[in-house]
Amino acid sequence: MYPRLEINLKKLKNNLRIISNLLRKNKISLAMVTKAYCADINIVNELVKDENLVDYLADSRIENLKGLSQINIPKILLRIPMKSEVEDVIKYADISFNSEYETIEELNKEAKKINKVHKIVIMVDLGDLREGYFVEKDLFDNIKKIQDLTNISIVGVATNLTCYGAILPSEKNLSKLVSIAERLEKDYNIDIKIISGGNSSSLFLIDENKLLSKINNLRIGEAILLGRETAYGKRISGTFNDAFKLICEVIENKEKPSVPIGESGVDAFGNKPIFEDKGIMQRAILGIGRQDISIDSLNPIDKDIEVIGASSDHTIVDVTKSKNKYSIGDKIEFLLDYSGIMTASTSKYVKKYYIF
Ligand SMILES: *Cc1c(COP(=O)(O)O)cnc(C)c1O
């Protein structure tokens with residue numbers, strides 16, 4: 001069935017092995033982030049089986065962690081919880097990242113109901129301006145109150161960078177995280193087990209010997225999926241970038257002009273598109289669209305074709321220069337970047353095929 005997402009589990013596991021070894025060598029625990037592929041149990045099972053490569057499974061959505069319940073590896077909820085989901089958070093996450101006392105209080109109530117102690121990691125915003133305590137005084141004021149909660153245990157601190165604000169991790173900003181951790185240990189007598197210094201964009205610091213030795217955890221998604229660090233997009237040697245492949249079917253292939261004909265209004269998404277006149281083109285249409293895939297993420301394996309646009313259910317590719325003659329029913333293959341893996345994984349219309 002098409003479109004299909006082919007997932008090469010051997011290649012993925014190879015990538016995981018390389019990242020895991022790199023972190024272990026540097027005494028950093030690995031939280032494997034599963035959200036891009038919706039924590040697909042077939043993928044996770046294969047990655048964690050036999051070898052002990054992963055210290056935590058981490059996801060931003062509690063539904064995804066719920067699906068991983070049978071796997072006996074501690075689970076981290078990365079996105080700070082919604083108040084409305086605290087019951088599930090207590091059930092399905094061993095650890096959650098938090099930055100709001102109000103929510104932590106709710107977590108405490110739920111944990112108490114089932115006689116559990118829920119572990120939390122305090123999220124610190126070092127300037128990327130997504131989630132986390134931004135003002136240190138707020139953080140330390142809250143810590144005292146959190147320590148009074150009977151069923152909450154603070155086990156660490158974490159920060160997230162290069163997500164919203166595109167701020168790179170550095171010795172300078174991460175030293176602030178470390179100093180907060182040290183103050184929590186010294187002044188508040190908290191055993192800080194986890195100092196989590198970011199995501200795939202922190203890997204280059206290991207390479208440059210600049211990751212502070214106190215940082216003992218990273219949360220890695222993209223680097224495992226695509227074999228590259230994400231601060232500069234550098235490839236990690238020995239890894240694959242083609243573990244995920246999208247295969248789409250040609251449903252029409254005709255010669256047509258490159259500029260639409262008639263009076264111009266707006267396209268299916270309310271935009272006024274501009275077209276360059278490239279003369280008559282050979283235009284193939286694929287049975288996939290924006291409902292399934294982030295179009296900018298498609299990298300055709302046939303280098304002579306170009307994706308020129310898409311609506312909800314159709315994607316148009318210029319095959320004029322291709323050496324292949326695409327017939328109706330033929331397949332066109334793409335490598336994907338992160339947003340492509342994420343959207344294709346999320347679309348129920350894209351069938352998943354696993355290569356073991
Ligand atoms: C998504 C996410 C990660 C993983 O990021 P990658 O760039 O895929 O490594 C880590 N931490 C948090 C809080 C996240 O939301």
# chains A, B, ... in the order shown; residues from 1 in each chain; ligands from 1

$ residues_near_ligand --ligand "ligand 1" --cutoff "10 Å" --atoms "only C-alpha atoms and all ligand atoms" --output "ChimeraX atom specification"
/A:31-36,58-61,76-80,97,123,130-132,158-163,196-203,218-226,228-231,338

$ write_last_selection --atoms "N, CA and C atoms" --output "short mmCIF file (atom, residue, chain, number, x, y, z; two decimals), in the first residue's frame"
data_model
loop_
_atom_site.label_atom_id
_atom_site.label_comp_id
_atom_site.auth_asym_id
_atom_site.auth_seq_id
_atom_site.Cartn_x
_atom_site.Cartn_y
_atom_site.Cartn_z
N ALA A 31 18.66 9.49 27.15
CA ALA A 31 17.20 9.42 27.07
C ALA A 31 16.86 9.40 25.59
N MET A 32 16.38 8.26 25.11
CA MET A 32 16.06 8.14 23.69
C MET A 32 14.68 8.74 23.43
N VAL A 33 14.64 9.76 22.58
CA VAL A 33 13.40 10.49 22.35
C VAL A 33 12.64 9.86 21.18
N THR A 34 11.40 9.49 21.45
CA THR A 34 10.62 8.66 20.51
C THR A 34 9.49 9.42 19.81
N LYS A 35 9.39 10.73 20.07
CA LYS A 35 8.19 11.44 19.61
C LYS A 35 8.07 11.57 18.10
N ALA A 36 9.19 11.69 17.38
CA ALA A 36 9.09 11.94 15.94
C ALA A 36 8.36 10.81 15.24
N ALA A 58 12.01 8.69 26.31
CA ALA A 58 11.47 10.03 26.55
C ALA A 58 10.56 10.46 25.41
N ASP A 59 9.45 11.07 25.77
CA ASP A 59 8.51 11.55 24.76
C ASP A 59 7.79 12.77 25.31
N SER A 60 7.31 13.58 24.40
CA SER A 60 6.60 14.79 24.83
C SER A 60 5.13 14.52 25.10
N ARG A 61 4.63 13.37 24.64
CA ARG A 61 3.20 13.10 24.78
C ARG A 61 2.96 11.87 25.65
N ILE A 76 10.34 9.16 30.63
CA ILE A 76 10.34 10.60 30.93
C ILE A 76 9.31 11.30 30.05
N LEU A 77 8.46 12.11 30.68
CA LEU A 77 7.59 12.99 29.90
C LEU A 77 8.33 14.32 29.73
N LEU A 78 8.66 14.62 28.48
CA LEU A 78 9.50 15.80 28.19
C LEU A 78 8.74 17.11 28.21
N ARG A 79 7.52 17.09 27.71
CA ARG A 79 6.75 18.34 27.69
C ARG A 79 6.12 18.53 29.06
N ILE A 80 6.19 19.75 29.59
CA ILE A 80 5.61 19.96 30.90
C ILE A 80 4.12 19.60 30.83
N PHE A 97 9.13 16.48 33.30
CA PHE A 97 9.81 17.77 33.33
C PHE A 97 8.77 18.82 33.73
N MET A 123 12.75 22.26 34.98
CA MET A 123 13.15 22.78 33.67
C MET A 123 13.62 24.23 33.81
N ARG A 130 11.62 28.87 25.31
CA ARG A 130 10.46 27.99 25.28
C ARG A 130 10.15 27.73 26.75
N GLU A 131 10.11 26.46 27.19
CA GLU A 131 9.67 26.21 28.57
C GLU A 131 10.81 26.31 29.58
N GLY A 132 10.44 26.49 30.84
CA GLY A 132 11.42 26.46 31.92
C GLY A 132 11.41 27.72 32.75
N ALA A 158 17.04 20.34 34.05
CA ALA A 158 17.22 20.15 32.61
C ALA A 158 17.01 21.46 31.89
N THR A 159 17.57 21.54 30.71
CA THR A 159 17.28 22.69 29.87
C THR A 159 17.08 22.22 28.44
N ASN A 160 16.39 23.05 27.67
CA ASN A 160 16.19 22.74 26.26
C ASN A 160 16.62 23.95 25.44
N LEU A 161 17.42 23.68 24.43
CA LEU A 161 17.94 24.78 23.59
C LEU A 161 17.76 24.44 22.12
N THR A 162 17.98 25.46 21.29
CA THR A 162 17.92 25.27 19.83
C THR A 162 16.57 24.72 19.39
N CYS A 163 15.50 25.11 20.10
CA CYS A 163 14.20 24.63 19.66
C CYS A 163 13.35 25.79 19.17
N SER A 196 20.48 17.42 32.86
CA SER A 196 20.23 17.09 31.46
C SER A 196 20.49 18.31 30.58
N GLY A 197 21.55 18.22 29.78
CA GLY A 197 22.07 19.39 29.07
C GLY A 197 21.58 19.57 27.65
N GLY A 198 20.39 19.04 27.35
CA GLY A 198 19.82 19.36 26.05
C GLY A 198 19.57 18.18 25.15
N ASN A 199 19.43 18.48 23.86
CA ASN A 199 19.02 17.49 22.86
C ASN A 199 20.15 17.25 21.84
N SER A 200 19.78 16.88 20.65
CA SER A 200 20.80 16.57 19.63
C SER A 200 21.70 17.75 19.29
N SER A 201 21.28 18.96 19.69
CA SER A 201 22.12 20.11 19.40
C SER A 201 23.25 20.27 20.41
N SER A 202 23.27 19.44 21.46
CA SER A 202 24.36 19.52 22.45
C SER A 202 25.50 18.56 22.12
N LEU A 203 25.31 17.70 21.13
CA LEU A 203 26.31 16.66 20.85
C LEU A 203 27.65 17.25 20.40
N LEU A 218 21.70 13.46 28.25
CA LEU A 218 21.19 14.17 27.07
C LEU A 218 19.96 13.42 26.59
N ARG A 219 19.08 14.18 25.91
CA ARG A 219 17.85 13.59 25.36
C ARG A 219 17.97 13.66 23.84
N ILE A 220 18.07 12.49 23.23
CA ILE A 220 18.44 12.48 21.81
C ILE A 220 17.36 11.85 20.94
N GLY A 221 16.87 12.63 20.01
CA GLY A 221 15.92 12.14 19.01
C GLY A 221 16.56 12.14 17.64
N GLU A 222 16.60 13.35 17.05
CA GLU A 222 17.03 13.50 15.66
C GLU A 222 18.38 12.84 15.32
N ALA A 223 19.35 12.95 16.20
CA ALA A 223 20.68 12.40 15.89
C ALA A 223 20.61 10.90 15.64
N ILE A 224 19.71 10.23 16.33
CA ILE A 224 19.55 8.79 16.12
C ILE A 224 18.82 8.53 14.80
N LEU A 225 17.82 9.36 14.52
CA LEU A 225 17.00 9.13 13.32
C LEU A 225 17.75 9.45 12.04
N LEU A 226 18.52 10.53 12.06
CA LEU A 226 19.13 11.03 10.82
C LEU A 226 20.66 11.04 10.85
N ARG A 228 22.84 12.87 12.51
CA ARG A 228 23.57 14.15 12.52
C ARG A 228 23.26 14.92 13.79
N GLU A 229 24.26 15.72 14.20
CA GLU A 229 23.98 16.62 15.32
C GLU A 229 23.21 17.80 14.74
N THR A 230 22.52 18.55 15.58
CA THR A 230 21.60 19.54 15.01
C THR A 230 21.99 20.99 15.28
N ALA A 231 23.17 21.20 15.90
CA ALA A 231 23.62 22.58 16.07
C ALA A 231 24.12 23.11 14.73
N TYR A 338 13.69 15.88 9.55
CA TYR A 338 12.96 15.61 10.79
C TYR A 338 11.45 15.83 10.66
#

$ select_by_dssp --residues "region 56-205 of chain A" --states "alpha helix (DSSP H)" --output "number ranges by chain"
A: 62-66, 86-92, 101-113, 136-147, 171-188, 203-205

$ closest_residue --among "A:Ile18, A:Glu102, A:Ile7, A:Asn217" --to "Gly238 (chain A)" --atoms "only C-alpha atoms"
A:Ile18

$ residues_around --residues "Ser258 (chain A)" --least-positions-apart "5" --cutoff "8 Å" --atoms "only C-alpha atoms" --output "list in words"
Phe275, Glu276, Asp277, Lys278, Gly279, Ile280 and Met281 of chain A

$ residues_around --residues "region 12-15 of chain A" --least-positions-apart "4" --cutoff "7 Å" --atoms "only C-alpha atoms" --output "JSON, numbers by chain"
{"A": [8, 19, 47, 224, 225, 227, 239, 240, 243]}

$ atom_distance --atom1 "CA of Ile206 (chain A)" --atom2 "CA of Lys172 (chain A)"
14.6 Å

$ residues_around --residues "Leu65 (chain A)" --least-positions-apart "2" --cutoff "12 Å" --atoms "only C-alpha atoms" --output "ChimeraX atom specification"
/A:33-35,38-41,44,56-63,67-79,88-96

$ closest_residue --among "A:Leu126, A:Arg290, A:Asp242, A:Leu205" --to "Ile167 (chain A)" --atoms "only C-alpha atoms"
A:Leu126

$ residues_around --residues "Arg183 (chain A)" --least-positions-apart "5" --cutoff "12 Å" --atoms "only C-alpha atoms" --output "MDAnalysis selection string"
chainID A and resid 136 139:140 143 156:157 176:178 188:192

$ write_last_selection --atoms "all heavy atoms" --output "mmCIF file, in the first residue's frame"
data_model
loop_
_atom_site.group_PDB
_atom_site.id
_atom_site.type_symbol
_atom_site.label_atom_id
_atom_site.label_comp_id
_atom_site.auth_asym_id
_atom_site.auth_seq_id
_atom_site.Cartn_x
_atom_site.Cartn_y
_atom_site.Cartn_z
ATOM 1 N N GLU A 136 15.649 33.048 38.229
ATOM 2 C CA GLU A 136 16.150 32.112 39.237
ATOM 3 C C GLU A 136 15.416 32.206 40.564
ATOM 4 O O GLU A 136 15.170 31.209 41.232
ATOM 5 C CB GLU A 136 17.649 32.326 39.467
ATOM 6 C CG GLU A 136 18.486 31.571 38.454
ATOM 7 C CD GLU A 136 19.968 31.543 38.800
ATOM 8 O OE1 GLU A 136 20.301 31.437 40.001
ATOM 9 O OE2 GLU A 136 20.784 31.650 37.863
ATOM 10 N N LEU A 139 12.382 30.158 40.615
ATOM 11 C CA LEU A 139 12.724 28.750 40.725
ATOM 12 C C LEU A 139 12.983 28.389 42.188
ATOM 13 O O LEU A 139 12.338 27.488 42.740
ATOM 14 C CB LEU A 139 13.957 28.472 39.861
ATOM 15 C CG LEU A 139 14.432 27.028 39.657
ATOM 16 C CD1 LEU A 139 15.298 26.941 38.408
ATOM 17 C CD2 LEU A 139 15.200 26.459 40.834
ATOM 18 N N PHE A 140 13.869 29.132 42.843
ATOM 19 C CA PHE A 140 14.223 28.761 44.214
ATOM 20 C C PHE A 140 13.055 28.975 45.185
ATOM 21 O O PHE A 140 12.889 28.222 46.133
ATOM 22 C CB PHE A 140 15.497 29.489 44.652
ATOM 23 C CG PHE A 140 16.715 28.979 43.930
ATOM 24 C CD1 PHE A 140 17.369 29.751 42.978
ATOM 25 C CD2 PHE A 140 17.193 27.693 44.186
ATOM 26 C CE1 PHE A 140 18.480 29.260 42.298
ATOM 27 C CE2 PHE A 140 18.307 27.192 43.515
ATOM 28 C CZ PHE A 140 18.949 27.973 42.565
ATOM 29 N N ILE A 143 11.019 25.887 44.825
ATOM 30 C CA ILE A 143 11.660 24.670 45.335
ATOM 31 C C ILE A 143 11.238 24.402 46.781
ATOM 32 O O ILE A 143 10.898 23.276 47.142
ATOM 33 C CB ILE A 143 13.203 24.767 45.241
ATOM 34 C CG1 ILE A 143 13.653 24.803 43.780
ATOM 35 C CG2 ILE A 143 13.886 23.624 45.999
ATOM 36 C CD1 ILE A 143 13.393 23.564 42.972
ATOM 37 N N GLY A 156 16.259 16.130 39.409
ATOM 38 C CA GLY A 156 17.231 16.731 38.508
ATOM 39 C C GLY A 156 16.812 18.068 37.947
ATOM 40 O O GLY A 156 15.751 18.615 38.291
ATOM 41 N N VAL A 157 17.693 18.584 37.099
ATOM 42 C CA VAL A 157 17.409 19.822 36.364
ATOM 43 C C VAL A 157 17.700 19.560 34.884
ATOM 44 O O VAL A 157 18.493 18.679 34.541
ATOM 45 C CB VAL A 157 18.265 21.013 36.859
ATOM 46 C CG1 VAL A 157 17.900 21.399 38.282
ATOM 47 C CG2 VAL A 157 19.752 20.704 36.742
ATOM 48 N N LYS A 176 25.291 27.777 33.798
ATOM 49 C CA LYS A 176 24.220 28.302 34.651
ATOM 50 C C LYS A 176 23.340 27.149 35.181
ATOM 51 O O LYS A 176 22.942 27.139 36.341
ATOM 52 C CB LYS A 176 23.380 29.306 33.850
ATOM 53 C CG LYS A 176 22.501 30.171 34.712
ATOM 54 C CD LYS A 176 21.911 31.332 33.938
ATOM 55 C CE LYS A 176 20.607 31.759 34.585
ATOM 56 N NZ LYS A 176 19.772 32.601 33.743
ATOM 57 N N LEU A 177 23.086 26.188 34.290
ATOM 58 C CA LEU A 177 22.300 25.015 34.699
ATOM 59 C C LEU A 177 23.035 24.246 35.798
ATOM 60 O O LEU A 177 22.449 23.847 36.807
ATOM 61 C CB LEU A 177 22.068 24.111 33.483
ATOM 62 C CG LEU A 177 21.222 22.867 33.723
ATOM 63 C CD1 LEU A 177 19.765 23.250 33.951
ATOM 64 C CD2 LEU A 177 21.336 21.887 32.552
ATOM 65 N N VAL A 178 24.337 24.072 35.595
ATOM 66 C CA VAL A 178 25.141 23.342 36.575
ATOM 67 C C VAL A 178 25.161 24.084 37.908
ATOM 68 O O VAL A 178 25.026 23.479 38.974
ATOM 69 C CB VAL A 178 26.580 23.120 36.040
ATOM 70 C CG1 VAL A 178 27.494 22.582 37.130
ATOM 71 C CG2 VAL A 178 26.549 22.167 34.850
ATOM 72 N N TYR A 188 19.692 23.262 49.444
ATOM 73 C CA TYR A 188 18.381 22.647 49.649
ATOM 74 C C TYR A 188 18.482 21.156 49.958
ATOM 75 O O TYR A 188 17.471 20.479 50.111
ATOM 76 C CB TYR A 188 17.484 22.868 48.426
ATOM 77 C CG TYR A 188 17.168 24.333 48.193
ATOM 78 C CD1 TYR A 188 18.086 25.172 47.569
ATOM 79 C CD2 TYR A 188 15.956 24.873 48.631
ATOM 80 C CE1 TYR A 188 17.821 26.509 47.367
ATOM 81 C CE2 TYR A 188 15.673 26.214 48.427
ATOM 82 C CZ TYR A 188 16.605 27.032 47.797
ATOM 83 O OH TYR A 188 16.324 28.360 47.599
ATOM 84 N N ASN A 189 19.703 20.665 49.957
ATOM 85 C CA ASN A 189 19.937 19.278 50.323
ATOM 86 C C ASN A 189 19.180 18.283 49.421
ATOM 87 O O ASN A 189 18.617 17.293 49.885
ATOM 88 C CB ASN A 189 19.528 19.084 51.792
ATOM 89 C CG ASN A 189 20.233 17.889 52.393
ATOM 90 O OD1 ASN A 189 21.274 17.465 51.880
ATOM 91 N ND2 ASN A 189 19.663 17.340 53.450
ATOM 92 N N ILE A 190 19.141 18.615 48.127
ATOM 93 C CA ILE A 190 18.458 17.739 47.173
ATOM 94 C C ILE A 190 19.508 16.911 46.442
ATOM 95 O O ILE A 190 20.544 17.440 46.029
ATOM 96 C CB ILE A 190 17.636 18.568 46.155
ATOM 97 C CG1 ILE A 190 16.567 19.378 46.891
ATOM 98 C CG2 ILE A 190 17.013 17.665 45.101
ATOM 99 C CD1 ILE A 190 15.851 20.375 45.995
ATOM 100 N N ASP A 191 19.240 15.621 46.314
ATOM 101 C CA ASP A 191 20.149 14.751 45.582
ATOM 102 C C ASP A 191 19.842 14.890 44.083
ATOM 103 O O ASP A 191 18.885 14.308 43.580
ATOM 104 C CB ASP A 191 19.940 13.309 46.070
ATOM 105 C CG ASP A 191 20.891 12.337 45.379
ATOM 106 O OD1 ASP A 191 21.832 12.814 44.715
ATOM 107 O OD2 ASP A 191 20.666 11.124 45.503
ATOM 108 N N ILE A 192 20.643 15.691 43.391
ATOM 109 C CA ILE A 192 20.415 15.929 41.959
ATOM 110 C C ILE A 192 21.080 14.815 41.159
ATOM 111 O O ILE A 192 22.303 14.792 41.000
ATOM 112 C CB ILE A 192 20.958 17.323 41.535
ATOM 113 C CG1 ILE A 192 20.214 18.443 42.262
ATOM 114 C CG2 ILE A 192 20.878 17.515 40.018
ATOM 115 C CD1 ILE A 192 18.746 18.593 41.889
#

$ residues_around --residues "Ile285 (chain A)" --least-positions-apart "4" --cutoff "7 Å" --atoms "only C-alpha atoms" --output "PyMOL selection string"
chain A and resi 250-253+314-317

$ write_last_selection --atoms "C-alpha atoms" --output "compact mmCIF listing (two decimals), in the first residue's frame"
# COMPACT_ATOMS: atom_id res chain seq x y z
CA VAL A 250 2.41 8.43 -9.49
CA ILE A 251 -1.29 9.00 -10.24
CA GLU A 252 -0.94 11.40 -13.18
CA ASN A 253 1.94 12.40 -15.46
CA HIS A 314 -1.74 15.92 -4.13
CA THR A 315 1.95 16.58 -4.54
CA ILE A 316 3.28 17.82 -7.87
CA VAL A 317 6.81 16.99 -8.99

$ atom_distance --atom1 "CA of Asp207 (chain A)" --atom2 "CA of Leu22 (chain A)"
9.4 Å

$ atom_distance --atom1 "CA of Asn151 (chain A)" --atom2 "CA of Asn98 (chain A)"
14.7 Å

$ closest_residue --among "A:Phe204, A:Tyr37, A:Tyr164, A:Tyr2" --to "Lys331 (chain A)" --atoms "only C-alpha atoms"
A:Tyr2

$ select_by_dssp --residues "region 138-320 of chain A" --states "strand (DSSP E or B)" --output "VMD selection string"
chain A and resid 152 to 159 194 to 196 217 to 220 228 235 244 to 257 280 to 286 298 to 300 306 to 310 315 to 318

$ closest_residue --among "A:Ile305, A:Val350, A:Leu174, A:Ala111" --to "Ile215 (chain A)" --atoms "only C-alpha atoms"
A:Leu174

$ decode --residues "region 4-37 of chain A" --atoms "N, CA and C atoms" --output "short mmCIF file (atom, residue, chain, number, x, y, z; two decimals), in the first residue's frame"
data_model
loop_
_atom_site.label_atom_id
_atom_site.label_comp_id
_atom_site.auth_asym_id
_atom_site.auth_seq_id
_atom_site.Cartn_x
_atom_site.Cartn_y
_atom_site.Cartn_z
N ARG A 4 3.96 4.89 1.43
CA ARG A 4 4.48 4.10 2.55
C ARG A 4 5.77 4.70 3.10
N LEU A 5 5.90 4.54 4.39
CA LEU A 5 7.12 4.95 5.07
C LEU A 5 7.89 3.68 5.39
N GLU A 6 9.06 3.53 4.80
CA GLU A 6 9.89 2.36 5.08
C GLU A 6 10.90 2.71 6.15
N ILE A 7 10.91 1.89 7.18
CA ILE A 7 11.79 2.17 8.32
C ILE A 7 12.79 1.04 8.44
N ASN A 8 14.04 1.36 8.20
CA ASN A 8 15.09 0.36 8.26
C ASN A 8 15.63 0.27 9.69
N LEU A 9 15.19 -0.76 10.40
CA LEU A 9 15.50 -0.86 11.82
C LEU A 9 16.96 -1.21 12.07
N LYS A 10 17.57 -1.89 11.12
CA LYS A 10 19.01 -2.19 11.26
C LYS A 10 19.82 -0.90 11.25
N LYS A 11 19.46 -0.01 10.31
CA LYS A 11 20.18 1.26 10.22
C LYS A 11 19.93 2.12 11.45
N LEU A 12 18.67 2.14 11.90
CA LEU A 12 18.35 2.92 13.09
C LEU A 12 19.11 2.41 14.31
N LYS A 13 19.16 1.10 14.43
CA LYS A 13 19.84 0.53 15.59
C LYS A 13 21.33 0.82 15.53
N ASN A 14 21.89 0.77 14.33
CA ASN A 14 23.29 1.13 14.16
C ASN A 14 23.53 2.57 14.65
N ASN A 15 22.65 3.48 14.25
CA ASN A 15 22.78 4.87 14.69
C ASN A 15 22.70 4.98 16.21
N LEU A 16 21.73 4.28 16.76
CA LEU A 16 21.55 4.32 18.21
C LEU A 16 22.80 3.81 18.93
N ARG A 17 23.35 2.71 18.40
CA ARG A 17 24.54 2.12 19.01
C ARG A 17 25.69 3.13 19.05
N ILE A 18 25.87 3.84 17.95
CA ILE A 18 26.97 4.81 17.87
C ILE A 18 26.77 5.96 18.86
N ILE A 19 25.54 6.49 18.93
CA ILE A 19 25.26 7.59 19.86
C ILE A 19 25.37 7.11 21.31
N SER A 20 24.85 5.94 21.56
CA SER A 20 24.88 5.39 22.91
C SER A 20 26.33 5.20 23.38
N ASN A 21 27.17 4.65 22.51
CA ASN A 21 28.58 4.47 22.87
C ASN A 21 29.27 5.79 23.15
N LEU A 22 28.97 6.77 22.31
CA LEU A 22 29.56 8.09 22.48
C LEU A 22 29.20 8.68 23.85
N LEU A 23 27.92 8.58 24.20
CA LEU A 23 27.49 9.14 25.48
C LEU A 23 28.08 8.35 26.65
N ARG A 24 28.03 7.03 26.55
CA ARG A 24 28.52 6.20 27.66
C ARG A 24 30.01 6.48 27.93
N LYS A 25 30.76 6.62 26.83
CA LYS A 25 32.19 6.91 26.97
C LYS A 25 32.41 8.18 27.78
N ASN A 26 31.44 9.11 27.67
CA ASN A 26 31.57 10.39 28.35
C ASN A 26 30.73 10.47 29.63
N LYS A 27 30.30 9.29 30.09
CA LYS A 27 29.53 9.19 31.34
C LYS A 27 28.24 10.02 31.30
N ILE A 28 27.60 9.96 30.15
CA ILE A 28 26.33 10.68 29.98
C ILE A 28 25.26 9.64 29.71
N SER A 29 24.15 9.72 30.47
CA SER A 29 23.07 8.77 30.22
C SER A 29 22.26 9.23 29.01
N LEU A 30 21.61 8.25 28.36
CA LEU A 30 20.88 8.54 27.13
C LEU A 30 19.37 8.38 27.35
N ALA A 31 18.66 9.49 27.15
CA ALA A 31 17.20 9.42 27.07
C ALA A 31 16.86 9.40 25.59
N MET A 32 16.38 8.26 25.11
CA MET A 32 16.06 8.14 23.69
C MET A 32 14.68 8.74 23.43
N VAL A 33 14.64 9.76 22.58
CA VAL A 33 13.40 10.49 22.35
C VAL A 33 12.64 9.86 21.18
N THR A 34 11.40 9.49 21.45
CA THR A 34 10.62 8.66 20.51
C THR A 34 9.49 9.42 19.81
N LYS A 35 9.39 10.73 20.07
CA LYS A 35 8.19 11.44 19.61
C LYS A 35 8.07 11.57 18.10
N ALA A 36 9.19 11.69 17.38
CA ALA A 36 9.09 11.94 15.94
C ALA A 36 8.36 10.81 15.24
N TYR A 37 8.54 9.58 15.75
CA TYR A 37 7.84 8.45 15.13
C TYR A 37 6.70 7.94 16.03
#
